[in-house]
Every structure is written in structure tokens, then in C-alpha cells.
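For reference, model_31.pdb (PDB, C-alpha atoms):
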MODEL        1
ATOM      1  CA  MET A 400       7.724 -21.059   6.388
ATOM      2  CA  ASN A 401       4.136 -19.960   6.908
ATOM      3  CA  LEU A 402       4.519 -16.182   6.714
ATOM      4  CA  SER A 403       0.794 -15.608   7.158
ATOM      5  CA  ALA A 404       1.234 -16.785  10.756
ATOM      6  CA  HIS A 405       3.600 -13.854  11.320
ATOM      7  CA  PRO A 406       1.635 -10.810  10.067
ATOM      8  CA  ARG A 407       4.153  -8.203  11.239
ATOM      9  CA  LEU A 408       7.043  -9.972   9.519
ATOM     10  CA  LEU A 409       4.937 -10.459   6.385
ATOM     11  CA  GLU A 410       4.129  -6.743   6.181
ATOM     12  CA  LEU A 411       7.797  -5.798   6.602
ATOM     13  CA  LEU A 412       8.962  -8.248   3.936
ATOM     14  CA  ALA A 413       6.197  -7.232   1.510
ATOM     15  CA  ALA A 414       7.029  -3.544   1.993
ATOM     16  CA  SER A 415      10.752  -4.173   1.497
ATOM     17  CA  HIS A 416      10.027  -6.240  -1.616
ATOM     18  CA  ALA A 417       7.899  -3.482  -3.134
ATOM     19  CA  LEU A 418      10.461  -0.803  -2.265
ATOM     20  CA  GLY A 419      13.306  -2.866  -3.698
ATOM     21  CA  THR A 420      15.395  -3.131  -0.532
ATOM     22  CA  LEU A 421      14.754  -6.878  -0.145
ATOM     23  CA  ARG A 422      17.504  -8.323  -2.290
ATOM     24  CA  GLY A 423      19.473 -11.439  -3.147
ATOM     25  CA  GLY A 424      18.513 -14.736  -1.595
ATOM     26  CA  ALA A 425      15.983 -13.143   0.744
ATOM     27  CA  ARG A 426      14.098 -11.663  -2.213
ATOM     28  CA  ARG A 427      14.148 -14.983  -4.085
ATOM     29  CA  ARG A 428      12.878 -16.864  -1.027
ATOM     30  CA  PHE A 429      10.076 -14.339  -0.513
ATOM     31  CA  GLU A 430       8.990 -14.633  -4.159
ATOM     32  CA  SER A 431       9.109 -18.428  -3.946
ATOM     33  CA  ILE A 432       6.869 -18.391  -0.860
ATOM     34  CA  ALA A 433       4.536 -15.874  -2.557
ATOM     35  CA  ARG A 434       3.998 -18.279  -5.452
ATOM     36  CA  GLU A 435       2.859 -20.961  -3.011
ATOM     37  CA  GLN A 436       0.916 -18.929  -0.434
ATOM     38  CA  ALA A 437      -2.003 -16.709  -1.479
ATOM     39  CA  PRO A 438      -1.806 -14.408   1.602
ATOM     40  CA  VAL A 439       1.835 -13.624   0.793
ATOM     41  CA  ARG A 440       0.980 -12.858  -2.847
ATOM     42  CA  ALA A 441      -1.813 -10.603  -1.646
ATOM     43  CA  ALA A 442       0.467  -8.700   0.752
ATOM     44  CA  ALA A 443       3.052  -8.191  -1.981
ATOM     45  CA  LEU A 444       0.464  -6.839  -4.418
ATOM     46  CA  VAL A 445      -1.070  -4.557  -1.784
ATOM     47  CA  TRP A 446       2.305  -2.963  -1.072
ATOM     48  CA  GLN A 447       3.119  -2.625  -4.767
ATOM     49  CA  GLY A 448      -0.162  -0.780  -5.224
ATOM     50  CA  ARG A 449       0.502   1.505  -2.241
ATOM     51  CA  LEU A 450       3.944   2.558  -3.451
ATOM     52  CA  ALA A 451       2.781   2.904  -7.050
ATOM     53  CA  SER A 452      -0.004   5.272  -5.967
ATOM     54  CA  MET A 453       2.518   7.382  -4.041
ATOM     55  CA  THR A 454       4.676   7.931  -7.100
ATOM     56  CA  GLU A 455       1.646   8.822  -9.213
ATOM     57  CA  MET A 456       0.313  11.428  -6.787
ATOM     58  CA  GLN A 457       3.552  13.129  -5.797
ATOM     59  CA  PRO A 458       5.449  15.661  -7.941
ATOM     60  CA  THR A 459       8.931  14.752  -9.113
ATOM     61  CA  VAL A 460      11.681  16.026  -6.833
ATOM     62  CA  VAL A 461      15.358  16.133  -7.791
ATOM     63  CA  PRO A 462      17.425  14.262  -5.156
ATOM     64  CA  ASP A 463      19.956  16.230  -3.170
ATOM     65  CA  ALA A 464      23.517  16.072  -4.494
ATOM     66  CA  ALA A 465      24.638  14.406  -1.250
ATOM     67  CA  VAL A 466      22.493  11.383  -2.073
ATOM     68  CA  TRP A 467      24.320  10.794  -5.345
ATOM     69  CA  VAL A 468      27.685  11.312  -3.632
ATOM     70  CA  ARG A 469      26.787   8.641  -1.099
ATOM     71  CA  ILE A 470      25.740   6.194  -3.814
ATOM     72  CA  ARG A 471      28.913   6.843  -5.805
ATOM     73  CA  ASN A 472      31.050   6.288  -2.701
ATOM     74  CA  LEU A 473      29.281   2.998  -2.006
ATOM     75  CA  ILE A 474      29.820   1.799  -5.568
ATOM     76  CA  GLU A 475      33.502   2.773  -5.541
ATOM     77  CA  ALA A 476      34.015   1.059  -2.178
ATOM     78  CA  GLU A 477      32.373  -2.073  -3.504
ATOM     79  CA  GLN A 478      34.556  -2.053  -6.622
ATOM     80  CA  GLN A 479      37.710  -1.595  -4.543
ATOM     81  CA  GLN A 480      36.731  -4.450  -2.249
ATOM     82  CA  GLN A 481      36.103  -6.737  -5.206
ATOM     83  CA  ALA A 482      39.494  -5.855  -6.688
ATOM     84  CA  LEU A 483      41.239  -6.641  -3.395
ATOM     85  CA  SER A 484      39.387  -9.923  -3.089
ATOM     86  CA  ARG A 485      40.504 -10.999  -6.557
ATOM     87  CA  GLN A 486      44.145 -10.328  -5.613
ATOM     88  CA  ARG A 487      43.988 -12.587  -2.561
ATOM     89  CA  GLU A 488      44.190 -16.348  -2.793
ATOM     90  CA  THR A 489      41.954 -16.843   0.219
ATOM     91  CA  PRO A 490      39.001 -14.808   1.449
ATOM     92  CA  ALA A 491      39.729 -12.150   4.043
ATOM     93  CA  PRO A 492      39.103 -13.427   7.598
ATOM     94  CA  GLN A 493      35.930 -12.205   9.190
ATOM     95  CA  ARG A 494      35.601 -10.956  12.717
ATOM     96  CA  ALA A 495      34.231 -13.619  15.037
ATOM     97  CA  GLU A 496      31.190 -11.694  16.138
ATOM     98  CA  GLY A 497      27.652 -12.917  16.348
ATOM     99  CA  GLY A 498      24.418 -12.077  14.572
ATOM    100  CA  TRP A 499      24.388  -9.397  11.898
ATOM    101  CA  LEU A 500      28.035  -8.434  12.548
ATOM    102  CA  ARG A 501      29.437 -11.609  11.049
ATOM    103  CA  SER A 502      29.436 -10.500   7.432
ATOM    104  CA  LEU A 503      31.112  -7.368   6.161
ATOM    105  CA  ALA A 504      29.451  -7.981   2.818
ATOM    106  CA  LEU A 505      26.059  -7.911   4.538
ATOM    107  CA  TRP A 506      26.863  -4.511   6.049
ATOM    108  CA  ARG A 507      27.825  -3.185   2.615
ATOM    109  CA  GLY A 508      24.594  -4.567   1.190
ATOM    110  CA  ALA A 509      22.584  -2.986   3.989
ATOM    111  CA  ALA A 510      24.273   0.360   3.382
ATOM    112  CA  ALA A 511      23.547   0.175  -0.332
ATOM    113  CA  ALA A 512      19.936  -0.737   0.386
ATOM    114  CA  GLY A 513      19.697   2.244   2.738
ATOM    115  CA  ALA A 514      20.987   4.535   0.022
ATOM    116  CA  LEU A 515      18.453   3.194  -2.454
ATOM    117  CA  ALA A 516      15.684   3.627   0.087
ATOM    118  CA  THR A 517      16.793   7.228   0.628
ATOM    119  CA  VAL A 518      16.653   7.897  -3.094
ATOM    120  CA  ALA A 519      13.189   6.362  -3.307
ATOM    121  CA  ALA A 520      11.913   8.447  -0.421
ATOM    122  CA  VAL A 521      13.326  11.646  -1.904
ATOM    123  CA  VAL A 522      11.998  10.970  -5.386
ATOM    124  CA  VAL A 523       8.566  10.084  -4.081
ATOM    125  CA  GLY A 524       8.694  13.238  -1.985
ATOM    126  CA  VAL A 525       6.821  11.844   1.012
ATOM    127  CA  ASN A 526       7.545  10.448   4.430
ATOM    128  CA  LEU A 527       6.721   6.742   4.203
ATOM    129  CA  SER A 528       5.631   6.311   7.796
ATOM    130  CA  GLU A 529       3.338   9.325   7.535
ATOM    131  CA  GLN A 530       1.766   7.888   4.394
ATOM    132  CA  LEU A 531       1.208   4.508   6.024
ATOM    133  CA  ARG A 532      -0.542   6.091   8.991
ATOM    134  CA  HIS A 533      -3.118   7.541   6.617
ATOM    135  CA  ALA A 534      -3.273   4.537   4.266
ATOM    136  CA  PRO A 535      -6.700   2.890   3.922
ATOM    137  CA  ALA A 536      -7.236  -0.040   6.267
ATOM    138  CA  VAL A 537      -7.365  -3.353   4.464
ATOM    139  CA  GLN A 538      -9.407  -5.974   6.299
ATOM    140  CA  TYR A 539     -10.087  -8.456   3.508
ATOM    141  CA  VAL A 540      -7.925  -9.220   0.485
ATOM    142  CA  ALA A 541      -8.139 -11.630  -2.447
ATOM    143  CA  VAL A 542      -5.837 -12.411  -5.359
ATOM    144  CA  LEU A 543      -7.988 -13.676  -8.222
ATOM    145  CA  SER A 544      -6.175 -15.943 -10.664
ATOM    146  CA  ASP A 545      -6.976 -17.444 -14.053
ATOM    147  CA  ASP A 546      -7.072 -21.157 -14.871
ATOM    148  CA  LYS A 547      -3.270 -21.156 -15.168
ATOM    149  CA  ALA A 548      -2.878 -19.790 -11.611
ATOM    150  CA  ALA A 549      -1.614 -16.454 -12.923
ATOM    151  CA  ALA A 550      -2.637 -13.500 -10.736
ATOM    152  CA  SER A 551      -5.069 -11.328 -12.692
ATOM    153  CA  MET A 552      -6.847  -9.100 -10.179
ATOM    154  CA  LEU A 553      -6.276  -7.828  -6.650
ATOM    155  CA  VAL A 554      -9.372  -7.144  -4.543
ATOM    156  CA  THR A 555      -9.234  -5.445  -1.143
ATOM    157  CA  PHE A 556     -11.982  -4.275   1.184
ATOM    158  CA  ASP A 557     -11.527  -0.972   2.983
ATOM    159  CA  PRO A 558     -13.847  -0.991   6.025
ATOM    160  CA  LYS A 559     -13.241   2.676   6.863
ATOM    161  CA  ASN A 560     -14.458   3.896   3.487
ATOM    162  CA  ARG A 561     -16.850   0.987   2.928
ATOM    163  CA  GLN A 562     -15.625   0.081  -0.493
ATOM    164  CA  LEU A 563     -14.031  -2.686  -2.498
ATOM    165  CA  VAL A 564     -10.856  -1.633  -4.305
ATOM    166  CA  LEU A 565     -10.020  -3.626  -7.421
ATOM    167  CA  GLN A 566      -6.786  -3.478  -9.351
ATOM    168  CA  ARG A 567      -6.054  -5.385 -12.529
ATOM    169  CA  VAL A 568      -2.621  -6.973 -12.371
ATOM    170  CA  GLY A 569      -2.910  -9.166 -15.454
ATOM    171  CA  SER A 570      -3.100  -8.398 -19.161
ATOM    172  CA  TYR A 571      -6.689  -9.532 -19.785
ATOM    173  CA  GLN A 572      -8.954  -6.942 -21.411
ATOM    174  CA  GLU A 573     -12.565  -7.671 -22.256
ATOM    175  CA  GLY A 574     -14.163  -6.500 -25.487
ATOM    176  CA  SER A 575     -16.213  -3.319 -25.748
ATOM    177  CA  ASP A 576     -19.431  -5.366 -25.852
ATOM    178  CA  LYS A 577     -18.585  -7.273 -22.668
ATOM    179  CA  SER A 578     -18.281  -6.503 -18.952
ATOM    180  CA  LEU A 579     -16.553  -8.206 -16.062
ATOM    181  CA  GLN A 580     -18.743  -8.851 -13.023
ATOM    182  CA  LEU A 581     -17.529  -9.551  -9.480
ATOM    183  CA  TRP A 582     -19.278 -12.264  -7.475
ATOM    184  CA  ALA A 583     -19.192 -13.350  -3.838
ATOM    185  CA  LEU A 584     -19.286 -17.132  -3.433
ATOM    186  CA  PRO A 585     -20.852 -17.736   0.003
ATOM    187  CA  PRO A 586     -20.738 -21.257   1.472
ATOM    188  CA  GLY A 587     -23.845 -23.236   0.648
ATOM    189  CA  GLY A 588     -25.476 -20.334  -1.199
ATOM    190  CA  ALA A 589     -25.877 -18.970  -4.695
ATOM    191  CA  PRO A 590     -23.297 -16.506  -6.090
ATOM    192  CA  ARG A 591     -24.107 -12.877  -5.229
ATOM    193  CA  SER A 592     -23.114  -9.962  -7.431
ATOM    194  CA  LEU A 593     -20.842  -7.341  -5.868
ATOM    195  CA  GLY A 594     -20.806  -5.085  -8.908
ATOM    196  CA  VAL A 595     -19.919  -4.648 -12.547
ATOM    197  CA  LEU A 596     -16.378  -3.591 -13.413
ATOM    198  CA  SER A 597     -15.444  -0.804 -15.752
ATOM    199  CA  HIS A 598     -12.564  -1.072 -18.222
ATOM    200  CA  GLU A 599     -10.276   0.956 -15.955
ATOM    201  CA  GLN A 600      -7.085  -0.506 -14.499
ATOM    202  CA  ALA A 601      -8.229   0.339 -10.969
ATOM    203  CA  LEU A 602     -11.705   1.048  -9.647
ATOM    204  CA  LYS A 603     -13.800   1.121  -6.472
ATOM    205  CA  LEU A 604     -17.162  -0.436  -5.666
ATOM    206  CA  LYS A 605     -19.399   0.475  -2.748
ATOM    207  CA  ALA A 606     -19.712  -2.359  -0.253
ATOM    208  CA  THR A 607     -20.261  -3.093   3.414
ATOM    209  CA  GLU A 608     -18.574  -5.638   5.634
ATOM    210  CA  ALA A 609     -21.758  -7.700   5.508
ATOM    211  CA  ASP A 610     -21.143  -8.165   1.777
ATOM    212  CA  VAL A 611     -17.817  -9.921   2.364
ATOM    213  CA  ARG A 612     -18.062 -11.361   5.879
ATOM    214  CA  ALA A 613     -17.947 -15.183   5.914
ATOM    215  CA  VAL A 614     -17.425 -15.249   2.134
ATOM    216  CA  PRO A 615     -14.672 -17.792   1.425
ATOM    217  CA  ALA A 616     -14.045 -16.855  -2.214
ATOM    218  CA  LEU A 617     -14.625 -14.314  -4.965
ATOM    219  CA  ALA A 618     -14.958 -14.802  -8.719
ATOM    220  CA  VAL A 619     -15.092 -12.667 -11.856
ATOM    221  CA  SER A 620     -17.203 -13.717 -14.827
ATOM    222  CA  LEU A 621     -17.454 -12.404 -18.371
ATOM    223  CA  GLU A 622     -20.950 -11.054 -19.016
ATOM    224  CA  PRO A 623     -22.836  -8.993 -21.609
ATOM    225  CA  ARG A 624     -22.119  -5.282 -21.422
ATOM    226  CA  GLY A 625     -23.570  -3.852 -18.210
ATOM    227  CA  GLY A 626     -23.616  -7.197 -16.385
ATOM    228  CA  VAL A 627     -26.534  -9.413 -15.387
ATOM    229  CA  PRO A 628     -28.955  -9.301 -12.419
ATOM    230  CA  SER A 629     -27.569 -10.808  -9.247
ATOM    231  CA  GLU A 630     -30.382 -13.336  -8.883
ATOM    232  CA  ARG A 631     -29.511 -14.903 -12.237
ATOM    233  CA  GLY A 632     -25.951 -15.662 -11.172
ATOM    234  CA  PRO A 633     -23.044 -15.746 -13.643
ATOM    235  CA  THR A 634     -24.193 -16.485 -17.182
ATOM    236  CA  GLY A 635     -20.767 -16.336 -18.822
ATOM    237  CA  PRO A 636     -17.476 -18.103 -18.170
ATOM    238  CA  VAL A 637     -15.719 -17.554 -14.833
ATOM    239  CA  LEU A 638     -12.362 -16.040 -15.758
ATOM    240  CA  PHE A 639     -10.768 -15.421 -12.361
ATOM    241  CA  LYS A 640     -11.342 -16.713  -8.856
ATOM    242  CA  GLY A 641      -9.562 -16.925  -5.537
ATOM    243  CA  PRO A 642      -9.992 -17.171  -1.755
ATOM    244  CA  LEU A 643     -11.007 -14.100   0.251
ATOM    245  CA  ILE A 644      -8.614 -13.748   3.174
ATOM    246  CA  GLU A 645      -9.365 -11.818   6.321
ATOM    247  CA  LYS A 646      -6.370  -9.834   7.502
ATOM    248  CA  THR A 647      -5.591  -8.708  11.036
ATOM    249  CA  LEU A 648      -5.343  -4.908  11.194
TER     250      LEU A 648
ENDMDL
END
Since I need it in another form, could you write the structure as C-alpha cells?
Amino acid sequence: MNLSAHPRLLELLAASHALGTLRGGARRRFESIAREQAPVRAAALVWQGRLASMTEMQPTVVPDAAVWVRIRNLIEAEQQQQALSRQRETPAPQRAEGGWLRSLALWRGAAAAGALATVAAVVVGVNLSEQLRHAPAVQYVAVLSDDKAAASMLVTFDPKNRQLVLQRVGSYQEGSDKSLQLWALPPGGAPRSLGVLSHEQALKLKATEADVRAVPALAVSLEPRGGVPSERGPTGPVLFKGPLIEKTL
């Protein structure tokens, strides 16, 4: 399935995956598609970054006792159902209803997922929909991978704040005498420097939409400390590269 052709569905699945409420076969299918489709990988990483930043910025809040009671009741109900199922020689008949009502197990799973989502929302201490309304707009996104196709860096462009946001998602760390430099790879033109990266896990670079418009790919090279002039192009090895994808806001 080409999830990138269904942006609303992709955003919902990526958000559920990051939150942990996408489970079982659905989660495995989403991860399998993400390994094959760069836009899906990008959406998943964007949502992981959004939720991670929420937990870092918000103070810890102790969940209400009712939340734990609900979770305990769900677990006990699940254990009782499993015990009853083991005692029966054949599975319990299901009600012949259509759609989502066909599986009692699915309802139990949905209830458990709802409880987990409640815990996450309480611990984070924010209203998710309110946070998303104020989240930076992401118009372009790229997942830069190494020569083994392992994701190493997430790059997004925020048009409202006119900046590139870079997040390292791999384990690579350059030496103290080296710098990573980000390059735009325009079609039919020489590579153009978009900035030199610091050693931080996440950083921001000033940029305009003109810097990334009609750029099909980005790359990161290893350069001497402080980087090299843009007109010289990359002088060191290209460590990561990947397509730059324009997203519909």
C-alpha cells in the first residue's frame, strides 16, 4: 500500500506508532512499509521527534489513581478471559455483526490502547491536539541514510520559522577535528552548502524555501572542522544522503 498517497491516514498511523497505540499486526505492517517507503519513514521519525520534545519540555505529573485502577481492571479482565478460553475446547462464538464489532478481542485491545494513551497524555501533562495546533509546519522532509540504508539523520524544513531542523537518529559521531556539512543536490547543478552542523543531537539552520525548492536530494559530507566554502563543493566523503520530499500541509 502506498501510504504517501493517503497523507491523512499516514499522519494518523505515524502518530499512533510514536504514541505506542498502534499495536500487533498493524504496527508490524506499518514498520514493514516504513522500511520500503522513505515518506513513511520520514513521517514516523517526525512524530517520534514531536512526542519526544513534549516529554522533555513538560514537568513530570503523577497520574490520577483512577488511571491505574482502570489499567488494573483491564489486565484482570484480560487474564480472566484467557483463563476461560483455555477451559473451553472451542473458541467462544462471536456476534455476527459487521465492521469493528466483529471481534471482542479487538474491543479489549482498543480499550487497553485507550488506557495507555490516557497515561501518556497525563504523564506528558499536555493536551495533544492543542500541542499539534501549535506544532511547527513541516513542508519538506528528508531521511538521510548511510551506505547500508540505515537512517542516520532527519531533516525537516519549517517554512513558518524559516529554518531547517536536523535531528541525528543514528549513532555516528564525527571526531573533534571534523565537521559534518549539509548539502543541497539540485538537478543539473553543483552541490550547494546549507550549513555546517554542530556536534549536538538536534540543531537548527537558517534557510528559506528558495534553498530547498526543487531540490530532489540532500547529502551530508565529512569535512575539516568548520566546513568548506560552498563553491568548492564537498571535499570529504559523503556519509549520508536521501531524497527531499515535499509534504502537503
note = One decimal place gives the CA of Leu643 (chain A)-CA of Val540 (chain A) separation as 5.8 Å
task = Would you kindly return, as a list of chain:residue names, each protein, DNA or RNA residue with an atom no farther than 7 Å from any atom of Pro558 (chain A), considering only C-alpha atoms and excluding same-chain residues fewer than 2 positions away?
result =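 What passes the distance filter is A:Ala536, A:Gln538, A:Phe556, A:Asn560, A:Arg561, A:Gln562, A:Glu608.
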task = Work out how far apart CA of Ala425 (chain A) and CA of Trp467 (chain A) are and give it in Å to one decimal.
result =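 Between CA of Ala425 (chain A) and CA of Trp467 (chain A) the gap is 26.1 Å.
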request  = List the residues selected by the PyMOL selection byres ((chain A and resi 430-440) around 9) in the file shown, writing them as JSON, numbers by chain.
outcome  = {"A": [400, 401, 402, 403, 409, 413, 416, 425, 426, 427, 428, 429, 441, 442, 443, 444, 445, 540, 541, 542, 550, 641, 642, 644, 646]}
Suppose we keep C-alpha atoms; can you now write the selection as a short mmCIF file (atom, residue, chain, number, x, y, z; two decimals), keeping the file's coordinate frame?
data_model
loop_
_atom_site.label_atom_id
_atom_site.label_comp_id
_atom_site.auth_asym_id
_atom_site.auth_seq_id
_atom_site.Cartn_x
_atom_site.Cartn_y
_atom_site.Cartn_z
CA MET A 400 7.72 -21.06 6.39
CA ASN A 401 4.14 -19.96 6.91
CA LEU A 402 4.52 -16.18 6.71
CA SER A 403 0.79 -15.61 7.16
CA LEU A 409 4.94 -10.46 6.38
CA ALA A 413 6.20 -7.23 1.51
CA HIS A 416 10.03 -6.24 -1.62
CA ALA A 425 15.98 -13.14 0.74
CA ARG A 426 14.10 -11.66 -2.21
CA ARG A 427 14.15 -14.98 -4.08
CA ARG A 428 12.88 -16.86 -1.03
CA PHE A 429 10.08 -14.34 -0.51
CA ALA A 441 -1.81 -10.60 -1.65
CA ALA A 442 0.47 -8.70 0.75
CA ALA A 443 3.05 -8.19 -1.98
CA LEU A 444 0.46 -6.84 -4.42
CA VAL A 445 -1.07 -4.56 -1.78
CA VAL A 540 -7.92 -9.22 0.48
CA ALA A 541 -8.14 -11.63 -2.45
CA VAL A 542 -5.84 -12.41 -5.36
CA ALA A 550 -2.64 -13.50 -10.74
CA GLY A 641 -9.56 -16.92 -5.54
CA PRO A 642 -9.99 -17.17 -1.76
CA ILE A 644 -8.61 -13.75 3.17
CA LYS A 646 -6.37 -9.83 7.50
#
task = Using all atoms listed in the file, pick whichever of A:Val568, A:Ile474, A:Val461, A:Leu584 has the shortest atom-to-atom distance to Lys640 (chain A).
result =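 Comparing A:Val568, A:Ile474, A:Val461, A:Leu584 against Lys640 (chain A), the winner is A:Leu584.
Within the file as shown, the PyMOL selection byres ((chain A and resi 567) around 10) identifies Leu543, Ala550, Ser551, Met552, Leu553, Val554, Leu565, Gln566, Val568, Gly569, Ser570, Tyr571, Gln572, His598, Glu599, Gln600, Ala601 and Leu602 of chain A.
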query = If you count only C-alpha atoms, which residues fall within 9 Å of Asp576 (chain A), apart from same-chain ones fewer than 5 positions away, as a list in words?
reply =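 The residues satisfying every condition are Pro623, Arg624 and Gly625 of chain A.
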ask   = So how far away is CA of Ala414 (chain A) from CA of Pro462 (chain A), in Å?
value =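 Atom-to-atom, CA of Pro462 (chain A) and CA of Ala414 (chain A) are spaced 21.8 Å apart.
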I would like the residues chosen by the PyMOL selection byres ((chain A and resi 546) around 10) on the shown file; could you give them as a PDB file with C-alpha atoms, keeping the file's coordinate frame?
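And here's expr09.pdb as it stands now:
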ATOM      1  CA  SER A 544      -6.175 -15.943 -10.664  1.00  0.00           C
ATOM      2  CA  ASP A 545      -6.976 -17.444 -14.053  1.00  0.00           C
ATOM      3  CA  LYS A 547      -3.270 -21.156 -15.168  1.00  0.00           C
ATOM      4  CA  ALA A 548      -2.878 -19.790 -11.611  1.00  0.00           C
ATOM      5  CA  ALA A 549      -1.614 -16.454 -12.923  1.00  0.00           C
ATOM      6  CA  ALA A 550      -2.637 -13.500 -10.736  1.00  0.00           C
ATOM      7  CA  VAL A 637     -15.719 -17.554 -14.833  1.00  0.00           C
ATOM      8  CA  LEU A 638     -12.362 -16.040 -15.758  1.00  0.00           C
ATOM      9  CA  PHE A 639     -10.768 -15.421 -12.361  1.00  0.00           C
ATOM     10  CA  LYS A 640     -11.342 -16.713  -8.856  1.00  0.00           C
TER      11      LYS A 640
END
Hey, can I get the axis-aligned box for region 467-476 of chain A? All listed atoms, 4 Å padding on each side, centre and edge lengths in Å to one decimal, as AutoDock Vina command-line options.
--center_x 29.2 --center_y 6.2 --center_z -3.5 --size_x 17.7 --size_y 18.3 --size_z 12.7
